[in-house]
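work-v8.txt (compact mmCIF, C-alpha atoms) appears below.
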```
# COMPACT_ATOMS: atom_id res chain seq x y z
CA MET A 1 -11.31 11.28 0.92
CA ALA A 2 -9.52 13.18 3.63
CA HIS A 3 -10.89 16.67 4.19
CA PRO A 4 -8.70 18.66 6.59
CA GLU A 5 -9.89 21.93 8.02
CA ARG A 6 -9.95 24.65 5.44
CA GLY A 7 -7.70 27.60 6.08
CA ASP A 8 -8.78 31.21 5.97
CA THR A 9 -9.53 32.38 2.46
CA ILE A 10 -6.92 34.74 1.11
CA THR A 11 -8.31 37.59 -0.96
CA HIS A 12 -6.36 39.43 -3.61
CA SER A 13 -6.91 42.50 -5.70
CA VAL A 14 -6.68 40.99 -9.17
CA GLN A 15 -8.17 41.70 -12.56
CA ILE A 16 -11.07 39.39 -13.42
CA LEU A 17 -10.98 38.33 -17.05
CA LYS A 18 -14.46 38.56 -18.53
CA GLU A 19 -13.51 37.47 -22.07
CA PRO A 20 -11.39 34.51 -23.23
CA LEU A 21 -7.78 35.36 -23.81
CA ALA A 22 -6.38 35.20 -27.29
CA ASN A 23 -4.34 32.07 -27.92
CA ASP A 24 -1.08 33.96 -28.09
CA HIS A 25 -1.76 35.44 -24.64
CA VAL A 26 -2.20 32.12 -22.83
CA PRO A 27 1.18 30.67 -21.87
CA SER A 28 2.04 27.31 -20.39
CA VAL A 29 1.60 26.46 -16.75
CA PRO A 30 4.71 27.78 -14.94
CA VAL A 31 7.96 25.95 -15.57
CA PHE A 32 8.97 23.33 -12.98
CA LEU A 33 12.65 23.12 -12.13
CA ASP A 34 14.10 19.81 -11.14
CA ALA A 35 15.27 19.76 -7.54
CA SER A 36 18.94 19.86 -8.49
CA ALA A 37 18.31 23.03 -10.52
CA THR A 38 20.43 21.73 -13.39
CA GLN A 39 17.70 21.51 -15.99
CA PRO A 40 14.25 23.08 -16.32
CA LEU A 41 11.26 20.84 -16.93
CA THR A 42 8.29 22.41 -18.71
CA LEU A 43 4.82 21.04 -18.05
CA PRO A 44 2.79 22.54 -20.89
CA VAL A 45 -0.91 23.21 -20.74
CA PRO A 46 -1.51 24.37 -24.32
CA PRO A 47 -4.07 27.04 -25.16
CA SER A 48 -6.15 24.40 -26.94
CA LEU A 49 -6.67 22.75 -23.53
CA LEU A 50 -6.61 25.74 -21.23
CA LEU A 51 -8.96 28.10 -23.09
CA PRO A 52 -11.95 25.71 -23.30
CA PHE A 53 -11.42 24.76 -19.67
CA LEU A 54 -11.45 28.39 -18.47
CA ASP A 55 -14.53 29.07 -20.57
CA GLN A 56 -16.33 26.08 -19.09
CA LEU A 57 -15.33 27.15 -15.57
CA ARG A 58 -16.86 30.58 -16.17
CA ARG A 59 -20.09 28.98 -17.35
CA ASN A 60 -20.21 26.99 -14.10
CA GLY A 61 -20.09 30.06 -11.89
CA GLY A 62 -16.31 30.29 -11.71
CA ILE A 63 -15.71 33.66 -13.39
CA MET A 64 -13.44 34.90 -10.60
CA CYS A 65 -11.65 31.56 -10.25
CA ALA A 66 -11.04 31.41 -14.01
CA GLY A 67 -9.50 34.86 -13.92
CA LEU A 68 -7.22 33.93 -11.06
CA LEU A 69 -6.09 30.74 -12.79
CA ALA A 70 -5.44 32.60 -16.03
CA GLU A 71 -3.25 35.03 -14.11
CA ALA A 72 -1.48 32.22 -12.27
CA CYS A 73 -0.81 30.40 -15.53
CA GLY A 74 0.39 33.65 -17.07
CA GLY A 75 3.56 33.62 -15.03
CA ALA A 76 2.46 35.52 -11.92
CA LYS A 77 5.53 36.03 -9.74
CA GLU A 78 3.51 35.78 -6.53
CA GLU A 79 1.43 32.76 -5.56
CA GLY A 80 -1.53 34.89 -4.46
CA PRO A 81 -3.72 34.27 -7.54
CA ALA A 82 -3.06 30.53 -7.44
CA GLU A 83 -3.74 30.35 -3.71
CA ALA A 84 -7.00 32.30 -4.03
CA ALA A 85 -8.13 30.01 -6.87
CA HIS A 86 -7.16 27.00 -4.76
CA ASP A 87 -9.32 28.27 -1.88
CA MET A 88 -12.29 28.81 -4.19
CA ALA A 89 -12.00 25.34 -5.70
CA TRP A 90 -11.55 23.80 -2.25
CA GLU A 91 -14.78 25.47 -1.14
CA GLN A 92 -16.64 23.97 -4.09
CA LEU A 93 -15.22 20.50 -3.38
CA HIS A 94 -16.56 20.69 0.17
CA THR A 95 -20.06 21.87 -0.69
CA GLY A 96 -22.56 19.03 -0.77
CA ALA A 97 -21.95 15.40 -1.69
CA TRP A 98 -18.68 14.57 -3.44
CA HIS A 99 -20.39 12.95 -6.44
CA SER A 100 -22.38 16.14 -7.08
CA VAL A 101 -19.29 18.36 -7.46
CA PRO A 102 -19.03 19.50 -11.11
CA LEU A 103 -15.98 17.96 -12.75
CA VAL A 104 -14.78 21.34 -13.95
CA TRP A 105 -14.28 22.45 -10.32
CA ARG A 106 -12.17 19.38 -9.63
CA ASP A 107 -10.09 20.28 -12.68
CA ALA A 108 -9.78 23.82 -11.33
CA PHE A 109 -8.48 22.37 -8.09
CA SER A 110 -5.90 20.31 -10.01
CA LEU A 111 -4.64 23.33 -11.92
CA SER A 112 -4.39 25.45 -8.77
CA CYS A 113 -2.37 22.67 -7.14
CA LEU A 114 0.00 22.60 -10.11
CA CYS A 115 0.55 26.35 -9.90
CA LEU A 116 1.09 26.33 -6.14
CA ALA A 117 3.48 23.40 -6.42
CA SER A 118 5.46 25.39 -8.96
CA HIS A 119 5.83 28.32 -6.58
CA ARG A 120 6.85 26.05 -3.70
CA GLN A 121 9.38 24.33 -5.91
CA TYR A 122 10.90 27.66 -6.91
CA ALA A 123 11.21 28.39 -3.19
CA ARG A 124 12.90 24.96 -2.70
CA GLN A 125 10.03 23.88 -0.44
CA LEU A 126 9.95 20.48 -2.13
CA ASP A 127 7.92 18.67 0.51
CA GLN A 128 5.21 21.31 0.23
CA ALA A 129 5.33 21.13 -3.57
CA LEU A 130 4.83 17.36 -3.49
CA ARG A 131 1.99 17.76 -1.00
CA TYR A 132 0.12 20.05 -3.39
CA LEU A 133 0.67 17.63 -6.25
CA ASP A 134 -0.71 14.76 -4.16
CA LEU A 135 -3.76 16.84 -3.28
CA GLY A 136 -4.32 17.45 -6.97
CA VAL A 137 -4.08 13.73 -7.70
CA MET A 138 -6.36 12.71 -4.83
CA MET A 139 -9.08 15.33 -5.21
CA GLY A 140 -8.66 16.84 -8.65
CA GLY A 141 -10.22 15.98 -11.98
CA PRO A 142 -8.73 14.15 -14.96
CA LEU A 143 -7.96 17.10 -17.26
CA PHE A 144 -4.58 17.97 -15.78
CA ARG A 145 -3.76 14.55 -14.31
CA SER A 146 -0.93 13.86 -16.74
CA ALA A 147 0.73 17.14 -15.79
CA LEU A 148 0.42 16.26 -12.10
CA ASP A 149 1.93 12.82 -12.66
CA ALA A 150 4.78 14.28 -14.70
CA ALA A 151 5.55 16.83 -12.00
CA ILE A 152 5.64 14.14 -9.32
CA VAL A 153 7.99 11.95 -11.34
CA SER A 154 10.24 14.91 -12.15
CA PHE A 155 11.52 15.39 -8.63
CA GLN A 156 10.02 12.85 -6.20
CA ASP A 157 13.29 10.95 -5.78
CA THR A 158 15.08 14.11 -4.71
CA VAL A 159 12.70 14.94 -1.87
CA GLY A 160 14.35 13.78 1.33
CA ASN A 161 12.86 10.89 3.24
CA SER A 162 13.47 10.48 6.93
CA ASP A 163 16.21 8.03 7.78
CA ARG A 164 15.24 7.91 11.46
CA GLU A 165 14.29 4.26 11.36
CA GLU A 166 14.52 3.98 15.12
CA HIS A 167 11.28 5.99 15.23
CA LEU A 168 9.47 3.77 12.77
CA ILE A 169 7.81 0.41 13.12
CA GLY A 170 7.87 -2.31 10.51
CA LEU A 171 4.78 -3.97 9.18
CA GLY A 172 5.75 -7.64 9.37
CA ALA A 173 3.68 -9.85 11.64
CA GLU A 174 4.82 -13.06 13.19
CA GLY A 175 2.84 -16.24 13.43
CA HIS A 176 1.11 -17.80 10.49
CA GLU A 177 -1.39 -20.58 10.51
CA GLU A 178 -2.82 -22.71 7.81
CA ASN A 179 -6.42 -23.35 8.88
CA GLY A 180 -7.70 -19.82 9.52
CA GLY A 181 -7.42 -19.92 13.32
CA PRO A 182 -4.74 -19.03 15.90
CA SER A 183 -1.60 -21.12 15.88
CA ASP A 184 -1.99 -22.61 19.39
CA GLU A 185 -4.32 -22.62 22.36
CA GLU A 186 -2.44 -19.90 24.21
CA GLY A 187 -2.42 -17.71 21.15
CA LYS A 188 -6.08 -18.40 20.55
CA GLU A 189 -7.02 -17.28 24.05
CA ALA A 190 -5.07 -14.05 23.62
CA VAL A 191 -6.76 -13.36 20.29
CA LEU A 192 -10.24 -14.16 21.59
CA GLU A 193 -9.83 -11.66 24.43
CA CYS A 194 -9.74 -8.78 21.96
CA LEU A 195 -12.44 -10.03 19.58
CA PRO A 196 -16.24 -9.73 19.76
CA HIS A 197 -18.08 -12.33 21.84
CA GLY A 198 -18.51 -15.69 20.13
CA SER A 199 -15.68 -15.22 17.65
CA LEU A 200 -14.09 -18.34 16.11
CA GLN A 201 -16.42 -20.63 18.05
CA TYR A 202 -18.90 -21.55 15.34
CA LYS A 203 -18.68 -21.97 11.57
CA LEU A 204 -15.47 -20.78 9.91
CA VAL A 205 -15.29 -19.42 6.37
CA GLU A 206 -14.57 -22.22 3.91
CA LYS A 207 -11.13 -22.39 2.30
CA GLN A 208 -10.06 -23.34 -1.20
CA CYS A 209 -6.48 -23.69 -2.43
CA ASN A 210 -6.20 -21.67 -5.65
CA PRO A 211 -9.50 -22.92 -7.09
CA SER A 212 -10.15 -22.83 -10.82
CA LEU A 213 -12.34 -20.05 -12.19
CA GLU A 214 -15.05 -22.64 -12.81
CA VAL A 215 -14.97 -23.87 -9.21
CA PHE A 216 -15.08 -20.32 -7.89
CA LEU A 217 -17.94 -19.42 -10.25
CA CYS A 218 -20.10 -22.44 -9.51
CA ASN A 219 -19.45 -22.95 -5.80
CA TYR A 220 -19.13 -19.39 -4.48
CA PHE A 221 -19.81 -16.61 -6.97
CA LEU A 222 -23.17 -17.79 -8.27
CA PRO A 223 -24.47 -19.01 -4.88
CA GLY A 224 -23.14 -15.81 -3.31
CA LEU A 225 -21.05 -17.42 -0.57
CA PRO A 226 -17.78 -16.16 0.97
CA VAL A 227 -14.59 -18.16 0.63
CA ILE A 228 -10.91 -17.82 1.54
CA VAL A 229 -8.61 -18.44 -1.44
CA THR A 230 -5.10 -19.57 -0.55
CA ASP A 231 -1.94 -19.88 -2.65
CA ALA A 232 -3.17 -17.40 -5.26
CA MET A 233 -0.90 -14.49 -4.28
CA SER A 234 2.47 -16.20 -4.03
CA HIS A 235 3.69 -14.47 -7.19
CA TRP A 236 2.97 -10.96 -5.87
CA PRO A 237 6.16 -8.91 -5.29
CA ALA A 238 4.24 -7.11 -2.53
CA LEU A 239 4.36 -10.19 -0.28
CA THR A 240 8.07 -9.67 0.29
CA LYS A 241 8.55 -6.00 -0.53
CA TRP A 242 5.84 -4.56 1.72
CA ASN A 243 7.15 -6.32 4.81
CA ASP A 244 10.25 -4.14 4.50
CA PHE A 245 9.55 -0.64 5.72
CA LYS A 246 12.67 0.68 4.02
CA TYR A 247 11.06 -0.16 0.70
CA LEU A 248 7.78 1.59 1.53
CA GLN A 249 9.74 4.54 2.86
CA LYS A 250 11.71 4.83 -0.36
CA ILE A 251 8.68 4.51 -2.65
CA ALA A 252 6.06 6.43 -0.70
CA GLY A 253 7.47 7.91 2.50
CA ASN A 254 7.08 11.50 1.36
CA ARG A 255 3.65 11.08 -0.24
CA THR A 256 0.62 12.72 1.33
CA ILE A 257 -2.29 10.40 2.17
CA PRO A 258 -5.68 10.73 3.94
CA VAL A 259 -5.64 9.07 7.36
CA GLU A 260 -8.63 8.23 9.54
CA VAL A 261 -8.15 9.24 13.17
CA GLY A 262 -10.36 7.70 15.84
CA GLU A 263 -11.79 4.40 17.00
CA HIS A 264 -13.68 3.88 13.70
CA TYR A 265 -15.78 5.91 11.27
CA LEU A 266 -18.98 5.56 13.35
CA ALA A 267 -17.36 6.62 16.63
CA GLU A 268 -17.64 10.03 18.23
CA GLY A 269 -14.72 12.30 17.45
CA TRP A 270 -13.72 10.41 14.30
CA ARG A 271 -11.99 12.62 11.74
CA GLN A 272 -9.58 12.55 8.83
CA GLU A 273 -6.17 14.18 8.52
CA LEU A 274 -3.62 14.58 5.75
CA MET A 275 -0.08 13.40 6.48
CA THR A 276 2.78 11.66 4.76
CA LEU A 277 3.31 7.92 5.07
CA SER A 278 6.45 8.58 7.12
CA GLN A 279 4.49 10.78 9.50
CA LEU A 280 1.84 8.07 9.83
CA MET A 281 4.45 5.48 10.77
CA GLU A 282 6.11 7.79 13.27
CA ARG A 283 2.78 8.54 14.92
CA TRP A 284 2.07 4.82 15.16
CA HIS A 285 5.31 4.45 17.07
CA THR A 286 4.65 7.33 19.45
CA ARG A 287 1.14 6.04 20.15
CA LEU A 288 2.10 2.45 21.04
CA GLY A 289 0.09 1.48 24.10
CA CYS A 290 -2.30 4.42 23.75
CA SER A 291 -6.08 4.20 23.62
CA SER A 292 -7.68 2.54 20.61
CA LYS A 293 -9.98 5.56 20.40
CA GLU A 294 -7.19 7.43 18.60
CA GLN A 295 -6.19 4.83 16.00
CA LEU A 296 -4.55 6.02 12.79
CA TYR A 297 -5.73 4.13 9.70
CA LEU A 298 -5.25 4.56 5.96
CA ALA A 299 -8.59 3.09 4.93
CA GLN A 300 -10.23 2.54 1.54
CA HIS A 301 -7.83 4.82 -0.30
CA PRO A 302 -6.92 4.42 -4.03
CA LEU A 303 -3.23 4.46 -3.15
CA PHE A 304 -2.22 2.52 -6.24
CA ASP A 305 -3.73 5.09 -8.55
CA GLN A 306 -1.80 7.75 -6.67
CA ILE A 307 1.50 5.80 -6.52
CA PRO A 308 1.89 3.55 -9.59
CA GLN A 309 5.15 2.04 -8.23
CA LEU A 310 3.11 0.23 -5.56
CA ARG A 311 0.54 -0.82 -8.14
CA SER A 312 3.23 -2.82 -9.93
CA ASP A 313 3.70 -4.93 -6.76
CA ILE A 314 0.23 -6.45 -6.92
CA VAL A 315 -1.75 -8.42 -9.50
CA ILE A 316 -5.49 -8.17 -10.14
CA PRO A 317 -6.90 -11.62 -9.34
CA ASP A 318 -8.34 -13.47 -12.33
CA TYR A 319 -11.41 -14.11 -10.21
CA CYS A 320 -12.35 -10.44 -10.64
CA SER A 321 -13.27 -11.21 -14.25
CA VAL A 322 -15.83 -13.84 -13.25
CA GLY A 323 -19.37 -12.95 -14.23
CA GLY A 324 -18.16 -10.69 -17.02
CA GLY A 325 -17.10 -8.31 -14.31
CA GLU A 326 -15.52 -4.89 -14.67
CA LEU A 327 -13.02 -3.71 -12.07
CA HIS A 328 -14.50 -0.85 -10.07
CA SER A 329 -11.70 0.13 -7.69
CA ILE A 330 -8.54 -1.05 -5.95
CA ASN A 331 -8.07 0.33 -2.43
CA ALA A 332 -5.41 0.16 0.25
CA TRP A 333 -5.95 -0.52 3.96
CA LEU A 334 -2.87 0.17 6.10
CA GLY A 335 -2.84 0.33 9.87
CA PRO A 336 -1.54 -0.97 13.20
CA ALA A 337 -3.00 -3.75 15.29
CA GLY A 338 -6.44 -2.92 16.67
CA THR A 339 -7.90 -0.97 13.77
CA ILE A 340 -11.58 -1.71 13.28
CA THR A 341 -14.00 -1.39 10.39
CA PRO A 342 -17.47 -1.67 11.96
CA LEU A 343 -20.21 -3.92 10.65
CA HIS A 344 -21.32 -2.78 7.18
CA HIS A 345 -21.97 -4.06 3.66
CA ASP A 346 -20.78 -2.97 0.21
CA PRO A 347 -22.62 -3.00 -3.13
CA HIS A 348 -19.86 -4.72 -5.11
CA HIS A 349 -18.11 -8.06 -5.32
CA ASN A 350 -14.99 -7.83 -3.18
CA PHE A 351 -11.72 -9.72 -2.86
CA LEU A 352 -9.84 -8.65 0.26
CA ALA A 353 -6.18 -9.62 -0.18
CA GLN A 354 -4.08 -9.78 2.98
CA VAL A 355 -0.53 -8.79 2.00
CA VAL A 356 1.00 -8.09 5.41
CA GLY A 357 -0.20 -9.20 8.83
CA ARG A 358 -3.52 -10.79 9.77
CA LYS A 359 -7.11 -9.73 10.28
CA TYR A 360 -10.22 -11.10 11.92
CA VAL A 361 -13.31 -10.95 9.69
CA ARG A 362 -16.91 -11.76 10.65
CA LEU A 363 -19.64 -12.03 8.00
CA TYR A 364 -23.43 -12.09 8.12
CA SER A 365 -25.66 -12.97 5.16
CA HIS A 366 -27.52 -10.15 3.45
CA GLN A 367 -30.71 -11.90 4.59
CA ALA A 368 -29.92 -10.81 8.15
CA SER A 369 -30.09 -7.12 7.25
CA GLU A 370 -33.27 -6.27 9.15
CA CYS A 371 -31.89 -7.87 12.29
CA LEU A 372 -28.69 -5.80 12.11
CA TYR A 373 -30.50 -2.45 12.39
CA PRO A 374 -29.01 -0.37 9.55
CA TYR A 375 -28.81 3.36 10.09
CA ALA A 376 -31.71 5.32 8.63
CA GLU A 377 -29.51 8.12 7.32
CA ALA A 378 -28.72 7.80 3.62
CA MET A 379 -24.98 8.26 4.14
CA LEU A 380 -24.84 5.39 6.67
CA CYS A 381 -27.59 3.09 5.44
CA ASN A 382 -25.02 0.37 4.68
CA SER A 383 -23.70 0.45 8.28
CA SER A 384 -25.15 -1.38 11.27
CA GLN A 385 -26.02 0.29 14.55
CA VAL A 386 -25.03 -2.92 16.33
CA ASP A 387 -21.65 -2.55 18.08
CA LEU A 388 -20.21 -6.05 18.12
CA ASN A 389 -17.62 -5.07 20.73
CA ASN A 390 -20.25 -3.66 23.08
CA PRO A 391 -23.52 -5.44 22.24
CA ASP A 392 -26.72 -4.03 23.72
CA ASN A 393 -29.20 -6.90 23.62
CA GLU A 394 -32.01 -4.73 24.96
CA GLN A 395 -31.62 -2.08 22.29
CA TRP A 396 -30.85 -4.50 19.44
CA PRO A 397 -32.52 -7.77 20.46
CA GLU A 398 -32.87 -9.23 16.95
CA ALA A 399 -29.09 -9.20 16.53
CA GLN A 400 -28.59 -11.57 19.44
CA GLY A 401 -27.86 -15.11 18.35
CA LEU A 402 -27.68 -14.35 14.62
CA LYS A 403 -25.71 -16.91 12.65
CA PHE A 404 -22.43 -15.78 11.12
CA VAL A 405 -19.22 -17.15 9.68
CA ASP A 406 -15.80 -15.78 10.56
CA CYS A 407 -12.09 -16.33 10.06
CA ILE A 408 -8.61 -15.04 10.61
CA LEU A 409 -7.32 -13.91 7.25
CA GLU A 410 -3.64 -14.71 7.13
CA GLU A 411 -0.85 -13.15 5.11
CA GLY A 412 -1.02 -14.33 1.49
CA GLN A 413 -4.74 -15.18 1.59
CA MET A 414 -7.71 -13.58 -0.16
CA LEU A 415 -11.28 -13.44 1.11
CA TYR A 416 -14.22 -13.22 -1.30
CA ILE A 417 -17.03 -11.11 0.15
CA PRO A 418 -20.25 -11.23 -1.93
CA PRO A 419 -22.25 -8.04 -2.48
CA LYS A 420 -24.36 -6.90 0.47
CA TRP A 421 -22.85 -9.39 2.90
CA TRP A 422 -22.34 -7.63 6.22
CA HIS A 423 -18.77 -7.77 7.48
CA TYR A 424 -16.77 -6.59 10.48
CA VAL A 425 -12.97 -6.39 10.23
CA GLN A 426 -10.34 -6.05 12.97
CA SER A 427 -6.56 -6.02 12.53
CA LEU A 428 -4.72 -8.44 14.81
CA SER A 429 -1.28 -7.07 13.89
CA PRO A 430 0.20 -4.27 11.81
CA SER A 431 -1.56 -4.88 8.53
CA PHE A 432 -1.53 -3.96 4.85
CA SER A 433 -4.50 -5.18 2.80
CA VAL A 434 -5.77 -4.56 -0.72
CA SER A 435 -9.42 -4.73 -1.73
CA PHE A 436 -10.56 -5.36 -5.29
CA TRP A 437 -14.11 -4.29 -6.04
CA TRP A 438 -15.73 -5.37 -9.27
CA THR A 439 -19.17 -5.03 -10.73
CA THR A 440 -21.30 -7.25 -12.96
CA ASP A 441 -24.54 -6.79 -14.86
CA ASP A 442 -26.32 -8.33 -11.88
CA ASN A 443 -24.59 -7.19 -8.71
CA ASP A 444 -27.54 -8.09 -6.53
CA ASN A 445 -26.73 -11.73 -5.87
CA GLY A 446 -26.42 -11.39 -2.12
CA GLY A 447 -26.40 -15.16 -2.02
CA HIS A 448 -27.65 -17.80 0.33
CA SER A 449 -28.10 -17.60 4.06
CA ILE A 450 -25.59 -19.28 6.32
```
Could I get this file's structure written as structure tokens?
Amino acid sequence: MAHPERGDTITHSVQILKEPLANDHVPSVPVFLDASATQPLTLPVPPSLLLPFLDQLRRNGGIMCAGLLAEACGGAKEEGPAEAAHDMAWEQLHTGAWHSVPLVWRDAFSLSCLCLASHRQYARQLDQALRYLDLGVMMGGPLFRSALDAAIVSFQDTVGNSDREEHLIGLGAEGHEENGGPSDEEGKEAVLECLPHGSLQYKLVEKQCNPSLEVFLCNYFLPGLPVIVTDAMSHWPALTKWNDFKYLQKIAGNRTIPVEVGEHYLAEGWRQELMTLSQLMERWHTRLGCSSKEQLYLAQHPLFDQIPQLRSDIVIPDYCSVGGGELHSINAWLGPAGTITPLHHDPHHNFLAQVVGRKYVRLYSHQASECLYPYAEAMLCNSSQVDLNNPDNEQWPEAQGLKFVDCILEEGQMLYIPPKWWHYVQSLSPSFSVSFWWTTDDNDNGGHSI
């Protein structure tokens, strides 16, 4: 999740409510006006929902925050109480590990975002209002999610999107190939120049054309072996729609997303920033030809939970039900050519669907883990210290000569990555990918060696 720098906390002289308000004293969350100002839209948070929430927030050390939110929901004309509550909740969200943040504080963040969006909408600062709503969706809890979604739907179409298409780059990539490698010798040489040493020179990932569930189960899932599945995405609307930037601009251009900035997440100076999709595309254009150390990448983000219109363009593969599996997450990966995800492994079954463009993927069996020198730190223990682009055989001698399989994942193909298989990914063109993670009762079938 993107965590931009926190602004200075704004303090306010407000009354702190020590006792729950009576039901008849707790109004709805402020009224949202539609952008055309022709009809008000009320987003109610009834006392039956708000009172227990405020009480729970107080019990979790949020007495002051609860008072501020009660005042903000009580029709405060100024945004001070909402902004102060937002700062307090933001502080809690950035203290310790994300999974340890009490859910009630995430709900507090959602409610503060709703209140601030209301004030910005009254001021006709619609882009700022939508930004707050997106923050609430991305980082908030579930209690007020329906109110956030309703607010977004109520005026999203009226928020202006940039029409300056001359400053934007499309996503479509030219050149497709059927066997997982470059289309010709000249193209292959150009690709190999930018890939890690030894790429595409040994064993390629096996391919199957739309295999049956039984074939996938018996030949790949149970043995724990990677495979490229072809011709299983042809019915996805995304295959045609997402190649057209005008479509993405219309659906999501004004939506705020977390963007990784830097060479990759293990590199020095790596950080995350919040920006709209339109701003991301414009910055791609202005940075054409610049150093790869300042890449901009929307990586592993639940975009389809945030923007349901894009979710309707994709279809969960039937393969994700194999093994009695339960879908864990669907994430988006959107970036220009040259973006890199360094060598790492994940705990879940994974189908990586390539919707736009092409990517190089290298995979090592889980049995090679000790030779890939995982980081000792708990937060990075699933990442390798071995830099495939700049290998140091003296520092990491066991990694030299390890067997691997690799491929170029083409548009319209899906790659199955078994749990705990190490993989390195590099975009060869502007790229839009979707990953489907699913879990089973036994997620520890790292599979055979290569």
Inset, instruction - Could you give me, as JSON, numbers by chain, the residues within 9 Å of A:Asn382, counting only C-alpha atoms and dropping anything in the same chain fewer than 6 positions from it? - result: {"A": [343, 344, 345, 346, 347, 374, 375, 420, 422]}
Inset, instruction - Write out as a ChimeraX atom specification each polymer residue whose atoms come within 10 Å of stretch 132-147 of chain A, counting only C-alpha atoms; drop sequence neighbours fewer than 2 positions from it. - result: /A:1-3,29,42-45,49-50,53,89-90,93,98,102-118,120,126-130,149-153,255-258,274,301-303,305-307
Legend entry - d(atom CA of A:Gln300, atom CA of A:Leu280) in Å: 15.7 Å
Inset, instruction - Rounded to one decimal place, report the atom CA of A:Ser384-atom CA of A:Ser431 distance in Å. - result: 24.0 Å
Legend entry - A:Gln354 environment, 9 Å, only C-alpha atoms, sequence neighbours closer than 2 positions dropped, as a PyMOL selection string: chain A and resi 352+356-359+409-415+431-435
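Separating atom CA of A:Asp244 from atom CA of A:Pro342 is a distance of 28.8 Å.
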Using all atoms listed in the file, what table do you get, as JSON lines, when you list each residue of stretch 418-443 of chain A with an atom no more than 12 Å from stretch 192-206 of chain A, its nearest pair of atoms, and their distance in Å rounded to one decimal, rows by chain then rising number?
```
{"residue": "A:Tyr424", "atom": "CA", "partner": "A:Pro196", "partner_atom": "CA", "distance": 9.8}
{"residue": "A:Val425", "atom": "CA", "partner": "A:Leu195", "partner_atom": "CA", "distance": 10.0}
{"residue": "A:Gln426", "atom": "CA", "partner": "A:Leu195", "partner_atom": "CA", "distance": 8.0}
{"residue": "A:Ser427", "atom": "CA", "partner": "A:Leu195", "partner_atom": "CA", "distance": 10.0}
{"residue": "A:Leu428", "atom": "CA", "partner": "A:Cys194", "partner_atom": "CA", "distance": 8.7}
{"residue": "A:Ser429", "atom": "CA", "partner": "A:Cys194", "partner_atom": "CA", "distance": 11.8}
```
With 6 Å of padding per side, what axis-aligned box (centre and edge lengths, Å, one decimal) covers all the listed atoms of stretch 308-318 of chain A? Give it as lines of an AutoDock Vina configuration file.
```
center_x = -1.6
center_y = -5.0
center_z = -8.9
size_x = 25.5
size_y = 29.0
size_z = 18.8
```
Legend entry - Using all atoms listed in the file: which of A:Pro430, A:Cys320, A:Gly62, A:Tyr416 has the shortest distance to A:Asn219: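 Counting all atoms listed in the file, the residue closest to A:Asn219 is A:Tyr416.
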